[in-house]
Amino acid sequence: MGSVIVTGGAGYIGSHTIIELLNKSNYRIVSVDNFSNSSPLAYEKIKTVTSRPFETVDVDLCNEKELFSKLSLFTDIVGIIHFAAFKSVPDSVTNPILYYQNNNSSLQNILKFAQEKAIDNFIFSSSCSVYGNADELPVTEQTPLKRAESPYAHTKQIGEEIIGFFCEARPNFKTVVLRYFNPVGAHITGKIGEFPITKPNNLVPIITQTAVGKNALTVFGNDYDTRDGSCIRDYIHVSDVADAHVKAINFLIEGRNRKQISLFNLGTGNGVSVLEAIKSFEKVSGIKLNYKIGARRPGDVIAVYADNTLVKTELKWQAEYTLDDMMLSAWKWQQALD
Ligand code: NAD
Ligand code: WQD
């Protein structure tokens with residue numbers, strides 16, 4: 001079957017994707033990570049969940065020389081799934097150059113490696129943040145990209161453009177670009193989830209930390225023009241995101257793509273408000289959350305959710321998990337961490 005490289009495989013989405021790949025495919029999996037935002041513990045957890053072997057390589061993808069020397073040992077690579085990047089929006093506002101360097105140099109180096117080794121199947125982690133403050137809802141793949149609201153989002157816009165020009169130069173190269181909406185939750189077993197390396201700024205880990213007294217949830221605004229006044233997002237279970245990658249790599253390797261670049265929104269298509277997310281958590285955990293209503297968070301869009309028609313029809317993917325599943329799995333993982 002050959003090897004599939006998973007960069008950022010010790011991270012949140014990468015580790016859940018390795019689980020789905022090990023369970024649902026026969027590729028040899030090679031995880032490449034430098035643990036800049038993760039821990040080798042993730043690999044132990046993957047083994048606990050799957051009991052299947054996989055290879056690991058510790059390398060900074062920005063180090064071209066080391067990347068080439070360590071990955072050249074694998075001579076049967078059939079595809080690359082590129083997750084590795086820094087992802088914190090506020091952090092990118094404080095350290096823009098760090099984000100441009102890490103996210104875009106690592107992409108350039110892995111593409112150069114793909115070129116030299118003639119590896120023609122590539123999956124790229126993009127983000128709904130590339131749409132900026134979109135003019136239409138739900139967002140389709142044709143919705144025009146607006147100005148990036150953060151350096152992080154800009155690195156993803158640039159990443160997509162780099163891939164576009166790379167494809168023009170290499171007609172045999174095929175890629176799936178997945179624009180994730182809001183991945184949340186943890187593996188359904190509760191044995192692996194996101195490791196809290198830094199203080200979280202995303203809603204769901206803040207909810208679960210609040211439930212155990214490690215954080216204090218503030219709802220950022222309840223006076224928006226939405227059904228309950230709070231912001232609306234398209235939350236998607238991390239294992240559904242992971243499953244889309246298994247389908248995407250098979251889709252490319254089996255040559256089922258109609259275009260050189262297949263661009264898909266990856267969301268459930270359901271808009272969920274902050275207050276609805278909190279209610280779901282309270283229902284599945286049986287815990288009443290002690291949260292307060294605060295000011296709007298600067299830079300927040302009021303509502304964003306996906307039109308996912310394309311990913312459903314072309315990739316034959318659909319979300320399996322509900323909002324309650326997302327919250328329950330996140331809660332199980334929080335309890336496993338404590
Ligand atoms: P994560 O931080 O948990 O995982 C990223 C992994 O990449 C980490 O393990 C980190 O150590 C590794 N990494 C970063 N830079 C590296 C480098 N130079 N060399 C080697 N390894 C490096 O993030 P995640 O949530 O799993 O996100 C994965 C991808 O999905 C990222 O590209 C992110 O931008 C994108 N994405 C994430 C979300 C989200 O909400 N989690 C949403 C949209 C897009
Ligand atoms: C969700 C909702 C907040 C925390 C970010 C990135 C995006 C993508 C996904 C990578 C919003 C509200 C949050 C809190 C709250 N990542 N909230 N109190 O901002 O939609 O998207 O992650 O690509 O690029 O921007 O996610 O989880 O931070 O917020 O009320 O303490 O929860 O206002 O409405 P966001 P989030």
# chains A, B, ... in the order shown; residues from 1 in each chain; ligands from 1
$ residues_around --residues "Asp60 in chain A" --least-positions-apart "2" --cutoff "9 Å" --atoms "only C-alpha atoms" --output "MDAnalysis selection string"
chainID A and resid 32:36 58 62:64 66:67 106
$ write_last_selection --atoms "all heavy atoms" --output "short mmCIF file (atom, residue, chain, number, x, y, z; two decimals), in the first residue's frame"
data_model
loop_
_atom_site.label_atom_id
_atom_site.label_comp_id
_atom_site.auth_asym_id
_atom_site.auth_seq_id
_atom_site.Cartn_x
_atom_site.Cartn_y
_atom_site.Cartn_z
N VAL A 32 5.19 12.90 11.46
CA VAL A 32 6.35 13.81 11.50
C VAL A 32 5.96 15.01 12.36
O VAL A 32 5.02 15.73 12.03
CB VAL A 32 6.71 14.28 10.07
CG1 VAL A 32 7.91 15.20 10.11
CG2 VAL A 32 6.97 13.09 9.17
N ASP A 33 6.67 15.20 13.47
CA ASP A 33 6.30 16.30 14.37
C ASP A 33 7.52 16.69 15.19
O ASP A 33 8.38 15.85 15.49
CB ASP A 33 5.17 15.82 15.31
CG ASP A 33 4.31 16.96 15.83
OD1 ASP A 33 4.86 17.86 16.49
OD2 ASP A 33 3.10 16.95 15.57
N ASN A 34 7.60 17.97 15.57
CA ASN A 34 8.70 18.39 16.45
C ASN A 34 8.19 18.73 17.86
O ASN A 34 8.93 19.30 18.65
CB ASN A 34 9.45 19.59 15.86
CG ASN A 34 8.59 20.85 15.80
OD1 ASN A 34 7.38 20.78 16.01
ND2 ASN A 34 9.22 21.99 15.53
N PHE A 35 6.94 18.42 18.14
CA PHE A 35 6.33 18.64 19.46
C PHE A 35 6.34 20.10 19.89
O PHE A 35 6.36 20.41 21.07
CB PHE A 35 6.99 17.75 20.54
CG PHE A 35 7.06 16.30 20.13
CD1 PHE A 35 8.28 15.68 19.94
CD2 PHE A 35 5.89 15.58 19.90
CE1 PHE A 35 8.35 14.35 19.54
CE2 PHE A 35 5.96 14.25 19.49
CZ PHE A 35 7.19 13.63 19.31
N SER A 36 6.35 21.01 18.91
CA SER A 36 6.33 22.43 19.29
C SER A 36 4.99 22.81 19.90
O SER A 36 4.91 23.78 20.65
CB SER A 36 6.64 23.32 18.08
OG SER A 36 5.83 22.95 16.99
N ASP A 58 10.98 12.75 14.47
CA ASP A 58 11.03 14.03 15.18
C ASP A 58 11.86 15.01 14.36
O ASP A 58 13.09 14.89 14.32
CB ASP A 58 11.65 13.78 16.57
CG ASP A 58 11.70 15.05 17.41
OD1 ASP A 58 11.41 16.13 16.89
OD2 ASP A 58 12.04 14.93 18.61
N CYS A 62 10.69 23.14 9.22
CA CYS A 62 11.34 24.35 8.69
C CYS A 62 12.82 24.08 8.39
O CYS A 62 13.47 24.88 7.73
CB CYS A 62 11.21 25.50 9.68
SG CYS A 62 9.52 26.00 9.90
N ASN A 63 13.33 22.99 8.93
CA ASN A 63 14.73 22.63 8.70
C ASN A 63 14.80 21.71 7.47
O ASN A 63 14.66 20.49 7.57
CB ASN A 63 15.28 21.93 9.95
CG ASN A 63 16.75 21.63 9.84
OD1 ASN A 63 17.28 21.49 8.73
ND2 ASN A 63 17.41 21.52 10.98
N GLU A 64 15.00 22.34 6.32
CA GLU A 64 14.91 21.61 5.05
C GLU A 64 15.88 20.43 4.99
O GLU A 64 15.53 19.32 4.56
CB GLU A 64 15.18 22.59 3.90
CG GLU A 64 15.03 21.98 2.54
CD GLU A 64 15.46 22.90 1.42
OE1 GLU A 64 15.38 24.14 1.56
OE2 GLU A 64 15.92 22.38 0.38
N GLU A 66 17.37 18.69 7.36
CA GLU A 66 17.04 17.57 8.25
C GLU A 66 15.78 16.84 7.76
O GLU A 66 15.69 15.61 7.83
CB GLU A 66 16.83 18.09 9.67
CG GLU A 66 17.31 17.11 10.72
CD GLU A 66 16.95 17.55 12.12
OE1 GLU A 66 17.04 18.78 12.39
OE2 GLU A 66 16.57 16.70 12.92
N LEU A 67 14.84 17.62 7.28
CA LEU A 67 13.61 17.03 6.74
C LEU A 67 13.96 16.04 5.62
O LEU A 67 13.51 14.89 5.61
CB LEU A 67 12.71 18.14 6.21
CG LEU A 67 11.32 17.84 5.62
CD1 LEU A 67 10.50 19.11 5.63
CD2 LEU A 67 11.38 17.31 4.21
N SER A 106 7.39 25.63 6.43
CA SER A 106 7.18 24.18 6.53
C SER A 106 6.41 23.68 5.31
O SER A 106 6.75 22.63 4.75
CB SER A 106 6.46 23.80 7.83
OG SER A 106 5.23 24.48 7.91
#
$ residues_near_ligand --ligand "ligand 2" --cutoff "9 Å" --atoms "only C-alpha atoms and all ligand atoms" --output "ChimeraX atom specification"
/A:87-90,125-130,149-150,152-153,156,179-184,200-207,216-222,230-235,273-275,277,293-294,296-304
$ select_by_dssp --residues "range 12-90 of chain A" --states "strand (DSSP E)" --output "JSON list (two decimals) with C-alpha atoms, in the first residue's frame"
[["chain", "number", "residue", "atom", "x", "y", "z"],
["A", 28, "ARG", "CA", 2.13, 2.49, 6.62],
["A", 29, "ILE", "CA", 1.72, 5.69, 8.64],
["A", 30, "VAL", "CA", 4.68, 7.97, 9.32],
["A", 31, "SER", "CA", 4.02, 10.81, 11.76],
["A", 32, "VAL", "CA", 6.35, 13.81, 11.50],
["A", 33, "ASP", "CA", 6.30, 16.30, 14.37],
["A", 55, "GLU", "CA", 6.46, 5.20, 12.52],
["A", 56, "THR", "CA", 7.44, 8.51, 14.06],
["A", 57, "VAL", "CA", 10.00, 11.11, 12.99],
["A", 58, "ASP", "CA", 11.03, 14.03, 15.18],
["A", 77, "ILE", "CA", 5.66, 7.31, 0.16],
["A", 78, "VAL", "CA", 2.36, 7.54, -1.74],
["A", 79, "GLY", "CA", 0.87, 10.61, -0.09],
["A", 80, "ILE", "CA", 1.33, 13.44, 2.40],
["A", 81, "ILE", "CA", -1.23, 14.86, 4.82],
["A", 82, "HIS", "CA", 0.11, 18.21, 5.97]]
$ select_by_dssp --residues "range 29-164 of chain A" --states "helix (DSSP H, G or I)" --output "count of residues only"
63
$ residues_around --residues "Tyr321 in chain A" --least-positions-apart "3" --cutoff "12 Å" --atoms "only C-alpha atoms" --output "PyMOL selection string"
chain A and resi 183-188+235-241+243+267-268+318+324-329
$ residues_around --residues "Leu22 in chain A" --least-positions-apart "3" --cutoff "9 Å" --atoms "only C-alpha atoms" --output "ChimeraX atom specification"
/A:17-19,25-29,50,52-54
$ write_last_selection --atoms "N, CA, C and O atoms" --output "CSV table (one decimal), in the first residue's frame"
chain,number,residue,atom,x,y,z
A,17,THR,N,-6.5,11.7,13.3
A,17,THR,CA,-6.4,11.2,11.9
A,17,THR,C,-5.6,9.9,11.8
A,17,THR,O,-6.0,9.0,11.1
A,18,ILE,N,-4.5,9.9,12.5
A,18,ILE,CA,-3.7,8.7,12.5
A,18,ILE,C,-4.5,7.5,13.0
A,18,ILE,O,-4.5,6.4,12.5
A,19,ILE,N,-5.3,7.7,14.0
A,19,ILE,CA,-6.2,6.7,14.6
A,19,ILE,C,-7.1,6.2,13.4
A,19,ILE,O,-7.3,4.9,13.2
A,25,SER,N,-7.4,1.9,7.1
A,25,SER,CA,-6.6,1.8,5.8
A,25,SER,C,-5.4,0.8,6.1
A,25,SER,O,-5.2,0.5,7.3
A,26,ASN,N,-4.7,0.5,5.0
A,26,ASN,CA,-3.6,-0.4,5.2
A,26,ASN,C,-2.2,0.4,4.9
A,26,ASN,O,-1.2,-0.3,4.7
A,27,TYR,N,-2.3,1.7,4.8
A,27,TYR,CA,-1.0,2.4,4.6
A,27,TYR,C,-0.1,2.3,5.8
A,27,TYR,O,-0.6,2.2,6.9
A,28,ARG,N,1.2,2.3,5.5
A,28,ARG,CA,2.1,2.5,6.6
A,28,ARG,C,2.1,4.0,7.0
A,28,ARG,O,2.3,4.8,6.1
A,29,ILE,N,1.9,4.3,8.2
A,29,ILE,CA,1.7,5.7,8.6
A,29,ILE,C,3.0,6.2,9.3
A,29,ILE,O,3.6,5.5,10.2
A,50,THR,N,-5.6,2.1,19.3
A,50,THR,CA,-5.6,1.3,18.0
A,50,THR,C,-4.8,0.0,18.2
A,50,THR,O,-5.1,-0.9,17.4
A,52,ARG,N,-2.1,-0.6,17.0
A,52,ARG,CA,-1.5,-0.8,15.7
A,52,ARG,C,-0.1,0.0,15.6
A,52,ARG,O,-0.1,1.1,16.2
A,53,PRO,N,0.8,-0.6,14.9
A,53,PRO,CA,2.1,0.1,14.8
A,53,PRO,C,2.1,1.3,13.8
A,53,PRO,O,1.4,1.3,12.8
A,54,PHE,N,2.9,2.3,14.0
A,54,PHE,CA,3.2,3.3,13.1
A,54,PHE,C,4.5,3.9,13.4
A,54,PHE,O,5.1,3.7,14.4
$ closest_residue --among "A:Leu111, A:Ala306, A:Ile253, A:Val93" --to "Met1 in chain A" --atoms "only C-alpha atoms"
A:Ile253
$ closest_residue --among "A:Gly271, A:Gly286, A:Pro144, A:Gly11" --to "ligand 1" --atoms "only C-alpha atoms and all ligand atoms"
A:Gly11
$ closest_residue --among "A:Leu21, A:Leu145, A:Val177, A:Leu323" --to "ligand 1" --atoms "only C-alpha atoms and all ligand atoms"
A:Val177
$ atom_distance --atom1 "CA of Ile97 in chain A" --atom2 "CA of Ile158 in chain A"
13.6 Å
$ closest_residue --among "A:Ala242, A:Thr208, A:Pro40, A:Gln157" --to "Asn23 in chain A" --atoms "only C-alpha atoms"
A:Ala242
$ decode --residues "range 199-320 of chain A" --atoms "C-alpha atoms" --output "compact mmCIF listing (two decimals), in the first residue's frame"
# COMPACT_ATOMS: atom_id res chain seq x y z
CA LYS A 199 -4.05 28.01 28.04
CA PRO A 200 -6.91 27.39 25.59
CA ASN A 201 -8.75 30.23 23.91
CA ASN A 202 -11.31 28.10 22.09
CA LEU A 203 -14.81 27.63 23.45
CA VAL A 204 -15.05 23.89 24.09
CA PRO A 205 -11.85 23.37 26.14
CA ILE A 206 -12.79 26.47 28.13
CA ILE A 207 -16.23 24.95 28.81
CA THR A 208 -14.76 21.66 30.04
CA GLN A 209 -12.08 23.40 32.11
CA THR A 210 -14.76 25.61 33.67
CA ALA A 211 -16.70 22.49 34.63
CA VAL A 212 -13.72 21.24 36.65
CA GLY A 213 -12.93 24.64 38.15
CA LYS A 214 -9.77 25.28 36.09
CA ASN A 215 -11.14 28.19 34.06
CA ALA A 216 -13.98 30.70 34.10
CA LEU A 217 -16.19 30.86 31.04
CA THR A 218 -17.35 34.20 29.73
CA VAL A 219 -19.75 34.25 26.79
CA PHE A 220 -18.40 36.90 24.46
CA GLY A 221 -21.55 38.88 23.76
CA ASN A 222 -25.28 38.08 23.88
CA ASP A 223 -26.46 41.10 21.95
CA TYR A 224 -25.70 39.97 18.39
CA ASP A 225 -28.39 39.77 15.76
CA THR A 226 -28.75 35.97 16.10
CA ARG A 227 -31.55 33.75 17.48
CA ASP A 228 -30.30 34.01 21.08
CA GLY A 229 -27.86 36.92 20.80
CA SER A 230 -24.67 34.82 20.92
CA CYS A 231 -22.34 34.03 17.99
CA ILE A 232 -22.94 31.11 15.67
CA ARG A 233 -20.32 28.60 14.50
CA ASP A 234 -20.16 25.25 12.71
CA TYR A 235 -18.70 22.84 15.29
CA ILE A 236 -17.48 19.53 13.88
CA HIS A 237 -16.31 16.46 15.79
CA VAL A 238 -12.55 15.93 15.46
CA SER A 239 -13.06 12.27 14.45
CA ASP A 240 -15.33 13.40 11.61
CA VAL A 241 -12.54 15.75 10.51
CA ALA A 242 -10.11 12.83 10.78
CA ASP A 243 -12.36 10.54 8.73
CA ALA A 244 -12.48 13.13 5.94
CA HIS A 245 -8.70 12.78 5.62
CA VAL A 246 -8.90 9.02 5.16
CA LYS A 247 -11.48 9.59 2.43
CA ALA A 248 -9.41 12.41 0.90
CA ILE A 249 -6.16 10.44 0.65
CA ASN A 250 -7.98 7.42 -0.85
CA PHE A 251 -9.80 9.75 -3.27
CA LEU A 252 -6.48 11.08 -4.58
CA ILE A 253 -4.55 7.82 -4.57
CA GLU A 254 -7.41 6.05 -6.40
CA GLY A 255 -7.55 8.95 -8.91
CA ARG A 256 -11.21 9.79 -8.28
CA ASN A 257 -10.56 13.55 -8.25
CA ARG A 258 -12.10 15.51 -11.11
CA LYS A 259 -9.76 18.48 -10.71
CA GLN A 260 -6.12 18.91 -9.81
CA ILE A 261 -7.12 20.91 -6.73
CA SER A 262 -10.21 19.70 -4.87
CA LEU A 263 -11.27 22.36 -2.42
CA PHE A 264 -13.82 21.38 0.23
CA ASN A 265 -15.49 23.08 3.16
CA LEU A 266 -15.36 20.69 6.10
CA GLY A 267 -18.22 21.46 8.44
CA THR A 268 -21.51 19.86 9.45
CA GLY A 269 -23.52 22.64 7.84
CA ASN A 270 -25.27 23.38 11.16
CA GLY A 271 -24.90 26.73 12.83
CA VAL A 272 -24.79 26.41 16.63
CA SER A 273 -24.80 29.35 19.03
CA VAL A 274 -22.48 29.68 22.02
CA LEU A 275 -25.45 29.37 24.37
CA GLU A 276 -26.67 26.24 22.55
CA ALA A 277 -23.20 24.70 22.87
CA ILE A 278 -23.25 25.43 26.61
CA LYS A 279 -26.75 23.88 26.96
CA SER A 280 -25.60 20.74 25.16
CA PHE A 281 -22.62 20.43 27.49
CA GLU A 282 -24.83 20.91 30.56
CA LYS A 283 -27.24 18.25 29.30
CA VAL A 284 -24.66 15.53 28.59
CA SER A 285 -22.49 16.21 31.66
CA GLY A 286 -25.26 16.92 34.14
CA ILE A 287 -23.22 19.92 35.32
CA LYS A 288 -24.61 23.43 35.51
CA LEU A 289 -21.94 25.78 34.19
CA ASN A 290 -21.23 28.88 36.15
CA TYR A 291 -20.61 31.26 33.25
CA LYS A 292 -21.06 34.98 32.83
CA ILE A 293 -22.03 37.11 29.88
CA GLY A 294 -19.26 39.48 28.87
CA ALA A 295 -18.36 41.94 26.16
CA ARG A 296 -18.01 41.02 22.52
CA ARG A 297 -14.56 39.64 21.60
CA PRO A 298 -12.80 41.91 19.10
CA GLY A 299 -12.52 40.32 15.67
CA ASP A 300 -15.32 37.76 16.18
CA VAL A 301 -17.58 37.20 13.20
CA ILE A 302 -21.27 37.07 14.15
CA ALA A 303 -22.08 33.84 12.35
CA VAL A 304 -20.27 31.41 10.08
CA TYR A 305 -21.23 27.92 8.94
CA ALA A 306 -20.51 25.75 5.95
CA ASP A 307 -22.34 24.74 2.86
CA ASN A 308 -20.92 21.20 2.77
CA THR A 309 -22.66 19.94 -0.37
CA LEU A 310 -19.42 19.50 -2.26
CA VAL A 311 -17.58 17.40 0.33
CA LYS A 312 -20.66 15.21 0.72
CA THR A 313 -21.13 14.57 -2.98
CA GLU A 314 -17.51 14.37 -4.18
CA LEU A 315 -15.73 12.87 -1.19
CA LYS A 316 -18.79 10.87 0.00
CA TRP A 317 -18.15 12.19 3.49
CA GLN A 318 -20.70 13.12 6.06
CA ALA A 319 -20.56 13.97 9.72
CA GLU A 320 -21.43 11.06 12.00
